[in-house]
Every structure is written in C-alpha cells, then in structure tokens.
Amino acid sequence: MFRYLTILPLAAVLATSAIAATKTTITNNSGLPIDELFSAKPGTKAWGKNILEGVAEGALDSGKTVKVAGLADGTYDLRVSAPDEGILCYMTNVTVKNHKVEFTADMGKACK
C-alpha cells in the first residue's frame with residue numbers, strides 16, 4: 001500500500017510538468033517578418049513580455065514556424081513588431097487553439 005501512496009503524488013507532479021511544458025506552434029504566413037510578439041487579454045492593451053524573447057531574429061520571418069512557451073489556448077490581442085523593418089502592428093481577437101496559431105496573409109495585409 002505504501003508504494004501506491006508514493007507513486008500517485010509523483011504521477012501528479014509529472015502530469016503537471018507535462019502541461020506546463022506544452023509549447024504553442026506559431027506559423028507566420030502573414031508576409032511580414034516578426035521579431036517581437038506580445039499578447040494581452042482582448043481590449044486591455046496590458047501587454048505581457050515578449051513571447052519571442054530568446055528566439056533568434058528571423059526565426060519567425062514569413063513562411064516560418066516556431067514553438068514558444070507562454071501562449072496558452074485562448075483569444076488574444078497581439079502586438080507584432082519587427083523594429084529593424086519599421087513594422088508595428090496590432091492584431092485583435094486572435095485565437096490560439098490546440099496549441100497552434102497561424103498568422104495569415106489577410107492578417108498581414110491589415111498591418112501594412
């Protein structure tokens with residue numbers, strides 16, 4: 001019986017760690033380079049930290065995909081920028097579902 005009691009808490013810790021380690025796949029088909037990405041609850045403009053911090057510059061240029069932590073499933077307003085290229089754009093009500101989000105060409109056109 002003692003073995004079962006020690007195994008159950010360990011299984012709970014491992015399951016929680018797996019959930020925390022889940023990364024979101026971001027695919028950029030917007031036609032824009034993206035070097036910085038900030039999220040906020042829709043309508044708040046309470047931007048969090050740069051989700052792409054630590055990701056190499058150019059890793060999310062148009063046509064590329066990266067995996068990042070810090071962007072759970074849900075709906076967000078996003079602030080997208082590529083300072084070297086003079087890009088600063090706001091995308092509203094963007095849905096992250098099944099740990100995936102894609103920036104489309106239409107989203108990119110709205111930023112130009």
# chains A, B, ... in the order shown; residues from 1 in each chain; ligands from 1

call {"tool": "select_by_dssp", "arguments": {"residues": "region 3-112 of chain A", "states": "alpha helix (DSSP H)", "output": "number ranges by chain"}}
result
A: 3-20, 105-111

call {"tool": "atom_distance", "arguments": {"atom1": "CA of Glu102 (chain A)", "atom2": "CA of Gly86 (chain A)"}}
result
21.7 Å

call {"tool": "closest_residue", "arguments": {"among": "A:Ile26, A:Ala59, A:Leu88, A:Val96", "to": "Cys111 (chain A)", "atoms": "only C-alpha atoms"}}
result
A:Leu88

call {"tool": "residues_around", "arguments": {"residues": "Thr65 (chain A)", "least_positions_apart": "5", "cutoff": "12 Å", "atoms": "only C-alpha atoms", "output": "PyMOL selection string"}}
result
chain A and resi 24-30+33-34+52+55+58-60+100-103

call {"tool": "closest_residue", "arguments": {"among": "A:Leu37, A:Ala105, A:Val94, A:Ala110", "to": "Asp73 (chain A)", "atoms": "only C-alpha atoms"}}
result
A:Val94

call {"tool": "select_by_dssp", "arguments": {"residues": "chain A", "states": "strand (DSSP E or B)", "output": "PyMOL selection string"}}
result
chain A and resi 24-28+36-40+64-68+74-82+87-97+100-103

call {"tool": "atom_distance", "arguments": {"atom1": "CA of Thr95 (chain A)", "atom2": "CA of Tyr76 (chain A)"}}
result
6.5 Å

call {"tool": "atom_distance", "arguments": {"atom1": "CA of Gly43 (chain A)", "atom2": "CA of Leu71 (chain A)"}}
result
17.0 Å

call {"tool": "residues_around", "arguments": {"residues": "Glu85 (chain A)", "least_positions_apart": "2", "cutoff": "12 Å", "atoms": "only C-alpha atoms", "output": "PDB file with C-alpha atoms, in the first residue's frame"}}
result
ATOM      1  CA  LEU A  32       5.634  40.210 -42.546  1.00  0.00           C
ATOM      2  CA  PRO A  33       8.762  39.435 -40.561  1.00  0.00           C
ATOM      3  CA  ILE A  34       8.001  39.061 -36.852  1.00  0.00           C
ATOM      4  CA  ASP A  35      10.788  39.637 -34.330  1.00  0.00           C
ATOM      5  CA  GLU A  36       8.690  40.550 -31.275  1.00  0.00           C
ATOM      6  CA  GLU A  57      15.961  37.086 -35.071  1.00  0.00           C
ATOM      7  CA  GLY A  58      14.498  35.962 -38.386  1.00  0.00           C
ATOM      8  CA  ASP A  61      10.022  35.544 -40.844  1.00  0.00           C
ATOM      9  CA  VAL A  80       3.589  42.258 -33.576  1.00  0.00           C
ATOM     10  CA  SER A  81       6.776  44.084 -34.455  1.00  0.00           C
ATOM     11  CA  ALA A  82       9.975  43.921 -36.423  1.00  0.00           C
ATOM     12  CA  PRO A  83      11.772  47.109 -35.333  1.00  0.00           C
ATOM     13  CA  ILE A  87       6.843  47.168 -38.523  1.00  0.00           C
ATOM     14  CA  LEU A  88       4.454  47.646 -35.623  1.00  0.00           C
ATOM     15  CA  CYS A  89       1.062  46.023 -35.932  1.00  0.00           C
ATOM     16  CA  LYS A 112       0.588  47.215 -43.911  1.00  0.00           C
TER      17      LYS A 112
END

call {"tool": "closest_residue", "arguments": {"among": "A:Ala56, A:Met91, A:Leu78, A:Val68", "to": "Ala40 (chain A)", "atoms": "only C-alpha atoms"}}
result
A:Leu78

call {"tool": "residues_around", "arguments": {"residues": "Pro42 (chain A)", "least_positions_apart": "2", "cutoff": "8 Å", "atoms": "only C-alpha atoms", "output": "list in words"}}
result
Ala40, Thr44, Lys45, Thr75, Tyr76, Asp77, Thr92 and Asn93 of chain A

call {"tool": "closest_residue", "arguments": {"among": "A:Phe38, A:Gly63, A:Asn98, A:Thr22", "to": "Asn50 (chain A)", "atoms": "only C-alpha atoms"}}
result
A:Phe38
